[in-house]
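File shown: my_file_3.pdb. Contents: PDB, C-alpha atoms.
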```pdb
ATOM      1  CA  MET A   1      19.794   3.630 -19.033
ATOM      2  CA  LEU A   2      21.386   1.729 -16.102
ATOM      3  CA  THR A   3      19.008  -0.784 -14.552
ATOM      4  CA  PRO A   4      19.291  -1.102 -10.743
ATOM      5  CA  PRO A   5      19.870  -4.626  -9.384
ATOM      6  CA  ARG A   6      17.170  -6.466  -7.453
ATOM      7  CA  ASN A   7      16.803  -4.672  -4.137
ATOM      8  CA  TYR A   8      16.430  -7.213  -1.339
ATOM      9  CA  THR A   9      16.170  -4.530   1.356
ATOM     10  CA  ILE A  10      13.007  -3.164  -0.278
ATOM     11  CA  ASP A  11      11.613  -6.709  -0.341
ATOM     12  CA  ALA A  12      12.346  -7.122   3.382
ATOM     13  CA  PHE A  13      10.715  -3.772   4.202
ATOM     14  CA  ARG A  14       7.663  -4.813   2.173
ATOM     15  CA  LEU A  15       7.075  -7.671   4.619
ATOM     16  CA  ILE A  16       7.592  -5.365   7.614
ATOM     17  CA  GLY A  17       5.193  -2.927   5.941
ATOM     18  CA  ALA A  18       2.542  -5.614   5.501
ATOM     19  CA  PHE A  19       2.842  -6.455   9.197
ATOM     20  CA  SER A  20       2.603  -2.736  10.007
ATOM     21  CA  VAL A  21      -0.702  -2.497   8.103
ATOM     22  CA  VAL A  22      -2.061  -5.433  10.123
ATOM     23  CA  ILE A  23      -1.069  -3.594  13.312
ATOM     24  CA  ILE A  24      -2.765  -0.392  12.079
ATOM     25  CA  HIS A  25      -5.997  -2.338  11.597
ATOM     26  CA  THR A  26      -5.844  -4.097  14.978
ATOM     27  CA  ILE A  27      -4.649  -1.474  17.477
ATOM     28  CA  GLY A  28      -6.952   1.236  18.766
ATOM     29  CA  ALA A  29      -5.827   4.853  19.074
ATOM     30  CA  GLY A  30      -7.710   5.339  22.346
ATOM     31  CA  THR A  31      -4.554   5.396  24.464
ATOM     32  CA  MET A  32      -1.361   7.387  24.073
ATOM     33  CA  ALA A  33       0.665   4.188  23.650
ATOM     34  CA  GLY A  34      -1.719   2.945  20.970
ATOM     35  CA  GLY A  35      -1.623   6.279  19.158
ATOM     36  CA  VAL A  36       2.186   6.387  19.154
ATOM     37  CA  ALA A  37       2.334   2.773  17.939
ATOM     38  CA  LEU A  38      -0.028   3.579  15.083
ATOM     39  CA  GLN A  39       1.907   6.720  14.198
ATOM     40  CA  THR A  40       5.059   4.616  14.004
ATOM     41  CA  MET A  41       3.462   2.125  11.592
ATOM     42  CA  HIS A  42       1.815   4.531   9.157
ATOM     43  CA  TRP A  43       4.833   4.688   6.830
ATOM     44  CA  ALA A  44       3.826   1.411   5.202
ATOM     45  CA  VAL A  45       1.253   2.307   2.527
ATOM     46  CA  ALA A  46       3.238   5.299   1.231
ATOM     47  CA  PHE A  47       6.285   3.001   1.092
ATOM     48  CA  PHE A  48       4.311   0.439  -0.958
ATOM     49  CA  PHE A  49       3.384   3.068  -3.534
ATOM     50  CA  MET A  50       6.993   4.268  -3.774
ATOM     51  CA  ALA A  51       8.181   0.671  -4.138
ATOM     52  CA  SER A  52       5.688   0.178  -6.977
ATOM     53  CA  GLY A  53       7.139   3.212  -8.767
ATOM     54  CA  TYR A  54      10.675   1.961  -8.131
ATOM     55  CA  PHE A  55      10.028  -1.523  -9.511
ATOM     56  CA  PHE A  56       8.176  -0.039 -12.468
ATOM     57  CA  PHE A  57      11.349   1.877 -13.384
ATOM     58  CA  VAL A  58      13.402  -1.333 -13.077
ATOM     59  CA  GLN A  59      10.990  -3.262 -15.324
ATOM     60  CA  TYR A  60      10.451  -0.407 -17.786
ATOM     61  CA  SER A  61      14.220  -0.115 -18.202
ATOM     62  CA  LYS A  62      14.246  -3.734 -19.392
ATOM     63  CA  ALA A  63      10.965  -4.172 -21.266
ATOM     64  CA  GLY A  64       9.803  -0.688 -22.265
ATOM     65  CA  LEU A  65       6.081  -0.184 -22.908
ATOM     66  CA  ASP A  66       5.418  -3.942 -22.849
ATOM     67  CA  ILE A  67       5.645  -3.832 -19.061
ATOM     68  CA  PHE A  68       2.342  -1.913 -18.909
ATOM     69  CA  PHE A  69       0.455  -4.795 -20.515
ATOM     70  CA  LYS A  70       1.970  -7.377 -18.185
ATOM     71  CA  THR A  71       1.521  -5.274 -15.035
ATOM     72  CA  LEU A  72      -2.059  -4.192 -15.750
ATOM     73  CA  ILE A  73      -3.204  -7.713 -16.667
ATOM     74  CA  ASN A  74      -1.685  -9.022 -13.410
ATOM     75  CA  LEU A  75      -3.330  -6.260 -11.360
ATOM     76  CA  ILE A  76      -6.699  -6.833 -13.048
ATOM     77  CA  GLY A  77      -6.407 -10.541 -12.213
ATOM     78  CA  ILE A  78      -5.749  -9.665  -8.564
ATOM     79  CA  PHE A  79      -8.638  -7.165  -8.651
ATOM     80  CA  ILE A  80     -11.093  -9.809  -9.883
ATOM     81  CA  VAL A  81     -10.041 -12.496  -7.403
ATOM     82  CA  VAL A  82      -9.756 -10.355  -4.272
ATOM     83  CA  ASN A  83     -13.047  -8.562  -4.873
ATOM     84  CA  LEU A  84     -14.854 -11.857  -5.409
ATOM     85  CA  VAL A  85     -13.305 -13.220  -2.206
ATOM     86  CA  PHE A  86     -14.399 -10.197  -0.147
ATOM     87  CA  ALA A  87     -17.839 -10.085  -1.743
ATOM     88  CA  ALA A  88     -18.309 -13.740  -0.741
ATOM     89  CA  PHE A  89     -16.909 -13.085   2.758
ATOM     90  CA  HIS A  90     -19.186 -10.099   3.379
ATOM     91  CA  PHE A  91     -22.176 -11.966   1.976
ATOM     92  CA  ALA A  92     -21.492 -14.958   4.242
ATOM     93  CA  SER A  93     -21.010 -12.733   7.303
ATOM     94  CA  GLY A  94     -24.012 -10.530   6.489
ATOM     95  CA  THR A  95     -21.904  -7.403   6.099
ATOM     96  CA  LEU A  96     -22.184  -6.847   2.361
ATOM     97  CA  ARG A  97     -22.443  -3.075   1.980
ATOM     98  CA  SER A  98     -25.948  -1.784   1.415
ATOM     99  CA  SER A  99     -24.443   1.508   0.255
ATOM    100  CA  PHE A 100     -22.647  -0.140  -2.656
ATOM    101  CA  SER A 101     -22.325   2.136  -5.682
ATOM    102  CA  VAL A 102     -20.304   2.471  -8.860
ATOM    103  CA  TYR A 103     -18.225   5.185  -7.175
ATOM    104  CA  THR A 104     -17.336   3.063  -4.117
ATOM    105  CA  PHE A 105     -16.472   0.088  -6.309
ATOM    106  CA  ILE A 106     -14.154   2.186  -8.497
ATOM    107  CA  SER A 107     -12.611   3.801  -5.424
ATOM    108  CA  TYR A 108     -12.123   0.785  -3.136
ATOM    109  CA  GLY A 109     -13.913  -2.267  -4.478
ATOM    110  CA  THR A 110     -15.677  -4.611  -2.060
ATOM    111  CA  ASN A 111     -13.560  -3.761   0.998
ATOM    112  CA  PHE A 112     -12.123  -0.505   2.329
ATOM    113  CA  HIS A 113      -8.419  -1.477   2.133
ATOM    114  CA  LEU A 114      -8.616  -2.316  -1.574
ATOM    115  CA  TRP A 115      -8.381   1.394  -2.418
ATOM    116  CA  PHE A 116      -4.630   0.699  -2.657
ATOM    117  CA  LEU A 117      -5.134  -1.809  -5.485
ATOM    118  CA  ASN A 118      -7.617   0.384  -7.367
ATOM    119  CA  SER A 119      -5.238   3.326  -7.043
ATOM    120  CA  LEU A 120      -2.367   1.294  -8.518
ATOM    121  CA  ILE A 121      -4.482   0.291 -11.513
ATOM    122  CA  GLY A 122      -5.614   3.876 -12.115
ATOM    123  CA  THR A 123      -2.055   5.198 -11.900
ATOM    124  CA  TYR A 124      -0.649   2.603 -14.301
ATOM    125  CA  MET A 125      -3.400   3.425 -16.796
ATOM    126  CA  ALA A 126      -2.567   7.140 -16.553
ATOM    127  CA  TRP A 127       1.141   6.410 -16.854
ATOM    128  CA  TRP A 128       0.570   4.262 -19.948
ATOM    129  CA  ILE A 129      -0.923   7.294 -21.705
ATOM    130  CA  LEU A 130       1.991   9.500 -20.645
ATOM    131  CA  PHE A 131       4.693   6.999 -21.600
ATOM    132  CA  LYS A 132       2.956   5.852 -24.793
ATOM    133  CA  PHE A 133       2.814   9.396 -26.161
ATOM    134  CA  LYS A 134       6.184  10.415 -24.675
ATOM    135  CA  LEU A 135       4.657  12.849 -22.218
ATOM    136  CA  GLN A 136       6.837  11.895 -19.233
ATOM    137  CA  LYS A 137       7.654  15.580 -18.737
ATOM    138  CA  PHE A 138       4.155  15.919 -17.268
ATOM    139  CA  LEU A 139       4.756  13.281 -14.565
ATOM    140  CA  ILE A 140       6.038  15.741 -11.964
ATOM    141  CA  PRO A 141       3.514  18.564 -12.647
ATOM    142  CA  LEU A 142       0.619  16.085 -12.517
ATOM    143  CA  ALA A 143       2.067  14.491  -9.378
ATOM    144  CA  ILE A 144       2.231  17.886  -7.660
ATOM    145  CA  LEU A 145      -1.332  18.690  -8.736
ATOM    146  CA  MET A 146      -2.731  15.380  -7.494
ATOM    147  CA  TYR A 147      -0.750  15.548  -4.266
ATOM    148  CA  GLY A 148      -2.145  18.996  -3.584
ATOM    149  CA  TYR A 149      -5.663  17.715  -4.260
ATOM    150  CA  ASN A 150      -5.113  14.852  -1.803
ATOM    151  CA  LEU A 151      -3.774  17.208   0.872
ATOM    152  CA  VAL A 152      -6.766  19.550   0.824
ATOM    153  CA  THR A 153      -9.459  16.882   0.404
ATOM    154  CA  GLU A 154      -8.245  13.963   2.515
ATOM    155  CA  ALA A 155      -5.122  14.763   4.545
ATOM    156  CA  TYR A 156      -6.037  18.256   5.797
ATOM    157  CA  PRO A 157      -9.730  18.852   5.086
ATOM    158  CA  LEU A 158     -10.024  21.085   8.172
ATOM    159  CA  LEU A 159      -7.924  23.787   6.511
ATOM    160  CA  LEU A 160     -10.052  24.590   3.466
ATOM    161  CA  LYS A 161     -13.170  22.522   4.247
ATOM    162  CA  PRO A 162     -13.812  21.395   0.649
ATOM    163  CA  LYS A 163     -17.357  20.472  -0.294
ATOM    164  CA  PHE A 164     -16.256  17.516  -2.419
ATOM    165  CA  ALA A 165     -13.552  14.860  -2.127
ATOM    166  CA  LEU A 166     -14.011  12.449  -5.030
ATOM    167  CA  PHE A 167     -11.245   9.832  -5.144
ATOM    168  CA  ALA A 168      -9.305  11.795  -2.526
ATOM    169  CA  SER A 169      -7.409   8.761  -1.219
ATOM    170  CA  ASN A 170      -6.811   7.305  -4.664
ATOM    171  CA  ALA A 171      -5.183  10.545  -5.850
ATOM    172  CA  VAL A 172      -2.121  10.010  -3.661
ATOM    173  CA  ALA A 173      -0.943   6.936  -5.603
ATOM    174  CA  PHE A 174       0.200   8.930  -8.635
ATOM    175  CA  PRO A 175       2.552  11.303  -6.750
ATOM    176  CA  LEU A 176       3.966   8.641  -4.424
ATOM    177  CA  MET A 177       4.657   6.254  -7.300
ATOM    178  CA  THR A 178       6.287   9.139  -9.136
ATOM    179  CA  VAL A 179       8.576   9.654  -6.129
ATOM    180  CA  GLY A 180       9.573   5.980  -6.276
ATOM    181  CA  TYR A 181      10.160   6.180 -10.025
ATOM    182  CA  TYR A 182      12.468   9.187  -9.781
ATOM    183  CA  LEU A 183      14.299   7.852  -6.733
ATOM    184  CA  ALA A 184      15.106   4.763  -8.810
ATOM    185  CA  LYS A 185      16.434   7.013 -11.597
ATOM    186  CA  LYS A 186      18.545   9.072  -9.175
ATOM    187  CA  ARG A 187      19.596   6.147  -6.989
ATOM    188  CA  GLU A 188      23.330   6.846  -7.344
ATOM    189  CA  ARG A 189      22.893  10.295  -5.800
ATOM    190  CA  LEU A 190      21.212   8.970  -2.662
ATOM    191  CA  SER A 191      22.694   7.586   0.541
ATOM    192  CA  ALA A 192      21.526   5.502   3.471
ATOM    193  CA  ALA A 193      22.518   8.327   5.840
ATOM    194  CA  LEU A 194      20.237  10.737   3.942
ATOM    195  CA  GLY A 195      17.372   8.281   4.231
ATOM    196  CA  ILE A 196      17.885   7.865   7.974
ATOM    197  CA  ARG A 197      17.962  11.633   8.528
ATOM    198  CA  ILE A 198      14.783  12.193   6.501
ATOM    199  CA  ALA A 199      13.013   9.308   8.257
ATOM    200  CA  ILE A 200      13.874  10.640  11.722
ATOM    201  CA  ALA A 201      12.882  14.202  10.770
ATOM    202  CA  GLY A 202       9.598  13.007   9.248
ATOM    203  CA  TYR A 203       8.792  10.803  12.219
ATOM    204  CA  LEU A 204       9.349  13.591  14.745
ATOM    205  CA  PHE A 205       7.576  16.169  12.562
ATOM    206  CA  GLN A 206       4.448  13.997  12.803
ATOM    207  CA  PHE A 207       4.088  14.926  16.458
ATOM    208  CA  ILE A 208       4.600  18.624  15.704
ATOM    209  CA  GLU A 209       1.789  18.366  13.136
ATOM    210  CA  ILE A 210      -0.395  16.546  15.649
ATOM    211  CA  GLY A 211       0.192  19.270  18.246
ATOM    212  CA  MET A 212      -0.544  22.074  15.766
ATOM    213  CA  ILE A 213      -3.771  20.465  14.498
ATOM    214  CA  ASN A 214      -4.893  19.854  18.068
ATOM    215  CA  TYR A 215      -4.019  23.429  19.080
ATOM    216  CA  TYR A 216      -5.673  25.234  16.152
ATOM    217  CA  HIS A 217      -8.623  22.907  15.463
ATOM    218  CA  ASN A 218      -9.077  21.097  18.810
ATOM    219  CA  VAL A 219      -8.960  17.711  17.019
ATOM    220  CA  GLN A 220      -6.860  14.812  18.252
ATOM    221  CA  VAL A 221      -5.237  13.060  15.277
ATOM    222  CA  ILE A 222      -2.536  10.979  16.924
ATOM    223  CA  GLY A 223      -2.480   7.568  15.291
ATOM    224  CA  TYR A 224      -3.528   8.860  11.863
ATOM    225  CA  HIS A 225      -1.725   9.040   8.536
ATOM    226  CA  LEU A 226      -0.619  12.658   8.067
ATOM    227  CA  GLY A 227      -0.304  14.149   4.607
ATOM    228  CA  ILE A 228       3.177  15.664   4.850
ATOM    229  CA  SER A 229       5.185  14.329   7.788
ATOM    230  CA  THR A 230       4.103  10.669   7.591
ATOM    231  CA  ARG A 231       4.949  10.528   3.889
ATOM    232  CA  LEU A 232       8.283  12.255   4.552
ATOM    233  CA  TYR A 233       8.934   9.580   7.192
ATOM    234  CA  ALA A 234       8.043   6.891   4.622
ATOM    235  CA  MET A 235      10.274   8.478   1.978
ATOM    236  CA  GLY A 236      13.227   8.422   4.373
ATOM    237  CA  ILE A 237      12.715   4.719   5.035
ATOM    238  CA  PHE A 238      12.382   4.120   1.306
ATOM    239  CA  ILE A 239      15.594   6.028   0.472
ATOM    240  CA  TYR A 240      17.398   3.942   3.083
ATOM    241  CA  ALA A 241      16.031   0.768   1.476
ATOM    242  CA  VAL A 242      16.899   1.944  -2.057
ATOM    243  CA  THR A 243      20.526   2.588  -1.088
ATOM    244  CA  SER A 244      20.922  -0.621   0.926
ATOM    245  CA  THR A 245      20.552  -3.331  -1.701
ATOM    246  CA  GLY A 246      21.378  -6.014   0.837
ATOM    247  CA  LEU A 247      21.656  -9.749   0.282
ATOM    248  CA  PRO A 248      18.973 -12.370  -0.358
ATOM    249  CA  SER A 249      17.484 -13.634   2.895
ATOM    250  CA  LYS A 250      14.397 -15.373   4.234
ATOM    251  CA  LEU A 251      12.965 -11.968   5.140
ATOM    252  CA  SER A 252      13.450 -10.584   1.627
ATOM    253  CA  ASP A 253      12.114 -13.788   0.052
ATOM    254  CA  TYR A 254       9.011 -13.696   2.261
ATOM    255  CA  GLY A 255       8.595 -10.000   1.512
ATOM    256  CA  ARG A 256       8.727 -10.573  -2.238
ATOM    257  CA  LYS A 257       6.223 -13.444  -2.140
ATOM    258  CA  TYR A 258       3.961 -12.764   0.840
ATOM    259  CA  SER A 259       3.693  -9.008   1.444
ATOM    260  CA  LEU A 260       0.947  -8.432  -1.139
ATOM    261  CA  PRO A 261      -1.293 -11.411  -0.222
ATOM    262  CA  ILE A 262      -0.925 -10.597   3.489
ATOM    263  CA  TYR A 263      -2.018  -7.035   2.760
ATOM    264  CA  LEU A 264      -4.886  -8.150   0.528
ATOM    265  CA  TYR A 265      -6.403 -10.861   2.723
ATOM    266  CA  HIS A 266      -5.533  -9.953   6.330
ATOM    267  CA  PRO A 267      -8.908  -8.213   6.976
ATOM    268  CA  ILE A 268     -10.580 -11.630   6.809
ATOM    269  CA  VAL A 269      -8.152 -13.003   9.397
ATOM    270  CA  ILE A 270      -8.544 -10.084  11.796
ATOM    271  CA  SER A 271     -12.343 -10.096  11.454
ATOM    272  CA  VAL A 272     -12.665 -13.817  12.202
ATOM    273  CA  LEU A 273     -10.075 -13.666  14.994
ATOM    274  CA  TYR A 274     -11.852 -10.702  16.609
ATOM    275  CA  SER A 275     -15.121 -12.638  16.658
ATOM    276  CA  ILE A 276     -13.387 -15.612  18.285
ATOM    277  CA  ILE A 277     -11.468 -13.861  21.062
ATOM    278  CA  LYS A 278     -13.781 -10.943  21.883
ATOM    279  CA  PRO A 279     -16.076 -13.001  24.187
ATOM    280  CA  TYR A 280     -13.071 -14.032  26.288
ATOM    281  CA  ILE A 281     -10.948 -10.856  26.472
ATOM    282  CA  ASN A 282     -12.048  -7.259  26.988
ATOM    283  CA  ALA A 283     -11.269  -5.398  23.758
ATOM    284  CA  ASN A 284     -10.069  -2.390  25.778
ATOM    285  CA  SER A 285      -7.663  -4.389  27.923
ATOM    286  CA  VAL A 286      -3.879  -4.324  27.569
ATOM    287  CA  ASP A 287      -3.882  -8.075  26.959
ATOM    288  CA  PHE A 288      -6.190  -7.671  23.972
ATOM    289  CA  GLN A 289      -4.201  -4.752  22.533
ATOM    290  CA  ILE A 290      -1.054  -6.893  22.620
ATOM    291  CA  LEU A 291      -2.470 -10.324  21.733
ATOM    292  CA  TYR A 292      -4.790  -9.277  18.907
ATOM    293  CA  PRO A 293      -2.201  -7.665  16.561
ATOM    294  CA  ILE A 294       0.483 -10.287  17.274
ATOM    295  CA  ALA A 295      -1.920 -13.174  16.678
ATOM    296  CA  SER A 296      -3.298 -11.479  13.545
ATOM    297  CA  ILE A 297       0.195 -11.119  12.075
ATOM    298  CA  ALA A 298       1.190 -14.678  12.956
ATOM    299  CA  ILE A 299      -2.007 -16.269  11.613
ATOM    300  CA  SER A 300      -1.981 -14.173   8.416
ATOM    301  CA  PHE A 301       1.621 -15.155   7.729
ATOM    302  CA  ILE A 302       1.117 -18.839   8.533
ATOM    303  CA  ILE A 303      -1.960 -19.094   6.298
ATOM    304  CA  ILE A 304      -0.236 -17.472   3.317
ATOM    305  CA  TYR A 305       2.924 -19.525   3.944
ATOM    306  CA  CYS A 306       0.962 -22.792   4.018
ATOM    307  CA  ILE A 307      -1.007 -21.902   0.897
ATOM    308  CA  GLU A 308       2.213 -21.117  -0.978
ATOM    309  CA  LYS A 309       3.863 -24.304   0.311
ATOM    310  CA  TRP A 310       1.111 -26.851  -0.262
ATOM    311  CA  PHE A 311      -1.512 -25.217  -2.496
ATOM    312  CA  LYS A 312       0.561 -23.544  -5.178
ATOM    313  CA  ARG A 313      -2.257 -23.204  -7.716
ATOM    314  CA  LEU A 314      -4.404 -21.476  -5.090
ATOM    315  CA  PHE A 315      -1.465 -19.248  -4.164
ATOM    316  CA  ARG A 316      -1.056 -18.211  -7.790
ATOM    317  CA  ALA A 317      -4.801 -17.594  -8.058
ATOM    318  CA  ILE A 318      -5.016 -15.312  -5.007
ATOM    319  CA  ASN A 319      -2.104 -13.378  -6.507
ATOM    320  CA  GLY A 320      -4.040 -12.787  -9.723
ATOM    321  CA  SER A 321      -2.733 -15.634 -11.885
ATOM    322  CA  ILE A 322      -6.055 -16.778 -13.344
ATOM    323  CA  GLY A 323      -5.086 -17.177 -16.985
ATOM    324  CA  LEU A 324      -5.564 -13.589 -18.139
ATOM    325  CA  GLN A 325      -1.949 -13.321 -19.307
ATOM    326  CA  LYS A 326      -2.328 -16.326 -21.628
ATOM    327  CA  LEU A 327      -5.762 -15.226 -22.796
ATOM    328  CA  PHE A 328      -4.765 -11.687 -23.723
ATOM    329  CA  THR A 329      -1.369 -12.728 -25.089
ATOM    330  CA  ALA A 330      -3.079 -15.227 -27.406
ATOM    331  CA  LYS A 331      -5.555 -12.575 -28.568
ATOM    332  CA  LYS A 332      -2.746 -10.078 -29.085
ATOM    333  CA  GLN A 333      -0.779 -12.583 -31.202
ATOM    334  CA  SER A 334      -3.829 -13.535 -33.263
ATOM    335  CA  ILE A 335      -4.468  -9.855 -34.055
ATOM    336  CA  THR A 336      -0.876  -9.248 -35.115
TER     337      THR A 336
END
```
Could I get this file's structure written as structure tokens?
Amino acid sequence: MLTPPRNYTIDAFRLIGAFSVVIIHTIGAGTMAGGVALQTMHWAVAFFFMASGYFFFVQYSKAGLDIFFKTLINLIGIFIVVNLVFAAFHFASGTLRSSFSVYTFISYGTNFHLWFLNSLIGTYMAWWILFKFKLQKFLIPLAILMYGYNLVTEAYPLLLKPKFALFASNAVAFPLMTVGYYLAKKRERLSAALGIRIAIAGYLFQFIEIGMINYYHNVQVIGYHLGISTRLYAMGIFIYAVTSTGLPSKLSDYGRKYSLPIYLYHPIVISVLYSIIKPYINANSVDFQILYPIASIAISFIIIYCIEKWFKRLFRAINGSIGLQKLFTAKKQSIT
């Protein structure tokens, strides 16, 4: 099995994707310009899932089943730290959810955006079962099944109007990671030109979807993540990144190190910043719509950069390095 080299273009796009998520959470869809801007940025989360599947293939090609242990322990470390941080933040700001339940915690932890992390953990656990018992042939059928479930429960609930939608968002991780995994396997058959064509087609198809949903259901969804076209748009960008290995650069280095912590902790930055600037600038003004996302990106990046530069132990901690690897490795060795 040929292992792909480190892909620096994917790393660079991870940083751009993290910035895109910050923009999604700081720009309103109340205007046409805002809606188009949001629609342009919504590729990011689907790209992250595909990148996770891609890098899993790279690591699995080298380490086999052992990579599950390492990856899951790291993700559990991140899960513990980030949920404690947001629980403390919400408690201090008086916004700790009163509707907290076991279901919400399993689905998205102590803050809405952490559904991405929970979904990764759930997918890796499911994959471990499939790979452990050599059931990889079920990856694609299960991915199709879970993607269909996500489409009817979260992406297009107006079509079938389901009465339940348990873990609807989380379900999309499995199929999108599977896409990344198989794109890594078939990398030699792909081309940058193919990625560009798919990305353009997916991007434009978003607006056809928006028009059709508005026409048939009288619902305006511009600025929202769409279940088919937005993910097609993301896949095109990802194929371009996969086939453009690129060279190491500051952008790729920052993407490798900072994209995840920026994604994980930016809601604290945007919440505090909103409280600071709201009394001075009308939230509906053009100035606010431009200043707020730019300042949020800059401050999020600077904070993470400074932590990594001068508080390395803290940087490792917020990225899940809290000693679980050593603890579980020691236990594993003592058992064997």
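CA of Ala168 (chain A) to CA of Thr153 (chain A) spans 5.9 Å [interatomic distance, one decimal].
The spacing separating CA of Phe288 (chain A) from CA of Pro261 (chain A) amounts to 25.0 Å.
Taking CA of Gly109 (chain A) and CA of Asn83 (chain A) as endpoints, the distance between them is 6.4 Å.
For the choices A:Ser119, A:Thr178, A:Ser296, A:Ser107, the atom-to-atom distance to Leu166 (chain A) is smallest for A:Ser107 when using all atoms listed in the file.
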Given the file shown, determine the residues that the PyMOL selection byres ((chain A and resi 200) around 10) selects; report them as a list in words. Gly195, Ile196, Arg197, Ile198, Ala199, Ala201, Gly202, Tyr203, Leu204, Phe205, Leu232, Tyr233, Ala234, Gly236 and Ile237 of chain A
Selection near Ala295 (chain A), 12 Å with only C-alpha atoms, sequence-local residues under 5 positions removed, as a ChimeraX atom specification: /A:19,22-23,26,266,269-270,272-274,276-277,287-290,300-303
Which residues would end up in the selection if the PyMOL selection byres ((chain A and resi 146) around 12) were applied here, given that I need the answer as a PDB file with C-alpha atoms, in the frame of the given file?
```pdb
ATOM      1  CA  THR A 123      -2.055   5.198 -11.900  1.00  0.00           C
ATOM      2  CA  PHE A 138       4.155  15.919 -17.268  1.00  0.00           C
ATOM      3  CA  LEU A 139       4.756  13.281 -14.565  1.00  0.00           C
ATOM      4  CA  ILE A 140       6.038  15.741 -11.964  1.00  0.00           C
ATOM      5  CA  PRO A 141       3.514  18.564 -12.647  1.00  0.00           C
ATOM      6  CA  LEU A 142       0.619  16.085 -12.517  1.00  0.00           C
ATOM      7  CA  ALA A 143       2.067  14.491  -9.378  1.00  0.00           C
ATOM      8  CA  ILE A 144       2.231  17.886  -7.660  1.00  0.00           C
ATOM      9  CA  LEU A 145      -1.332  18.690  -8.736  1.00  0.00           C
ATOM     10  CA  TYR A 147      -0.750  15.548  -4.266  1.00  0.00           C
ATOM     11  CA  GLY A 148      -2.145  18.996  -3.584  1.00  0.00           C
ATOM     12  CA  TYR A 149      -5.663  17.715  -4.260  1.00  0.00           C
ATOM     13  CA  ASN A 150      -5.113  14.852  -1.803  1.00  0.00           C
ATOM     14  CA  LEU A 151      -3.774  17.208   0.872  1.00  0.00           C
ATOM     15  CA  VAL A 152      -6.766  19.550   0.824  1.00  0.00           C
ATOM     16  CA  THR A 153      -9.459  16.882   0.404  1.00  0.00           C
ATOM     17  CA  GLU A 154      -8.245  13.963   2.515  1.00  0.00           C
ATOM     18  CA  LEU A 166     -14.011  12.449  -5.030  1.00  0.00           C
ATOM     19  CA  PHE A 167     -11.245   9.832  -5.144  1.00  0.00           C
ATOM     20  CA  ALA A 168      -9.305  11.795  -2.526  1.00  0.00           C
ATOM     21  CA  SER A 169      -7.409   8.761  -1.219  1.00  0.00           C
ATOM     22  CA  ASN A 170      -6.811   7.305  -4.664  1.00  0.00           C
ATOM     23  CA  ALA A 171      -5.183  10.545  -5.850  1.00  0.00           C
ATOM     24  CA  VAL A 172      -2.121  10.010  -3.661  1.00  0.00           C
ATOM     25  CA  ALA A 173      -0.943   6.936  -5.603  1.00  0.00           C
ATOM     26  CA  PHE A 174       0.200   8.930  -8.635  1.00  0.00           C
ATOM     27  CA  PRO A 175       2.552  11.303  -6.750  1.00  0.00           C
ATOM     28  CA  LEU A 176       3.966   8.641  -4.424  1.00  0.00           C
ATOM     29  CA  MET A 177       4.657   6.254  -7.300  1.00  0.00           C
ATOM     30  CA  THR A 178       6.287   9.139  -9.136  1.00  0.00           C
TER      31      THR A 178
END
```
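Running the PyMOL selection byres ((chain A and resi 230) around 9) on this file leaves Gln39, Thr40, His42, Trp43, Ala46, Gly202, Tyr203, Phe205, Gln206, Tyr224, His225, Leu226, Gly227, Ile228, Ser229, Arg231, Leu232, Tyr233, Ala234 and Met235 of chain A selected.
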Nearest residue to Ile213 (chain A) from the set A:Leu291, A:Ile67, A:Ile318, A:Ala155 (distances using all atoms listed in the file): A:Ala155
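When all atoms listed in the file are used to measure the gap to Gly246 (chain A), the shortest distance among A:Ser271, A:Ser20, A:Asn7, A:Asn319 belongs to A:Asn7.
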Nearest to Leu117 (chain A), chosen from A:Leu264, A:Ile10, A:Ile208, A:Val219, with all atoms listed in the file counted in the distances: A:Leu264
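The shortest atom-to-atom distance to Ile73 (chain A), with all atoms listed in the file taken into account, belongs to A:Met125 out of A:Ala192, A:Ile16, A:Met125, A:Ile239.
With all atoms listed in the file as the atoms that count, the residue of A:Ala126, A:Leu260, A:Val242, A:Ala44 with the shortest distance to Gly320 (chain A) is A:Leu260.
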List as a list in words the protein and nucleic acid residues near Leu15 (chain A), meaning an atom at most 8 Å away when all atoms listed in the file are counted, but skip any in the same chain fewer than 4 places from it. Asp11, Phe19, Leu251, Ser252, Tyr254, Gly255, Arg256, Tyr258 and Ser259 of chain A
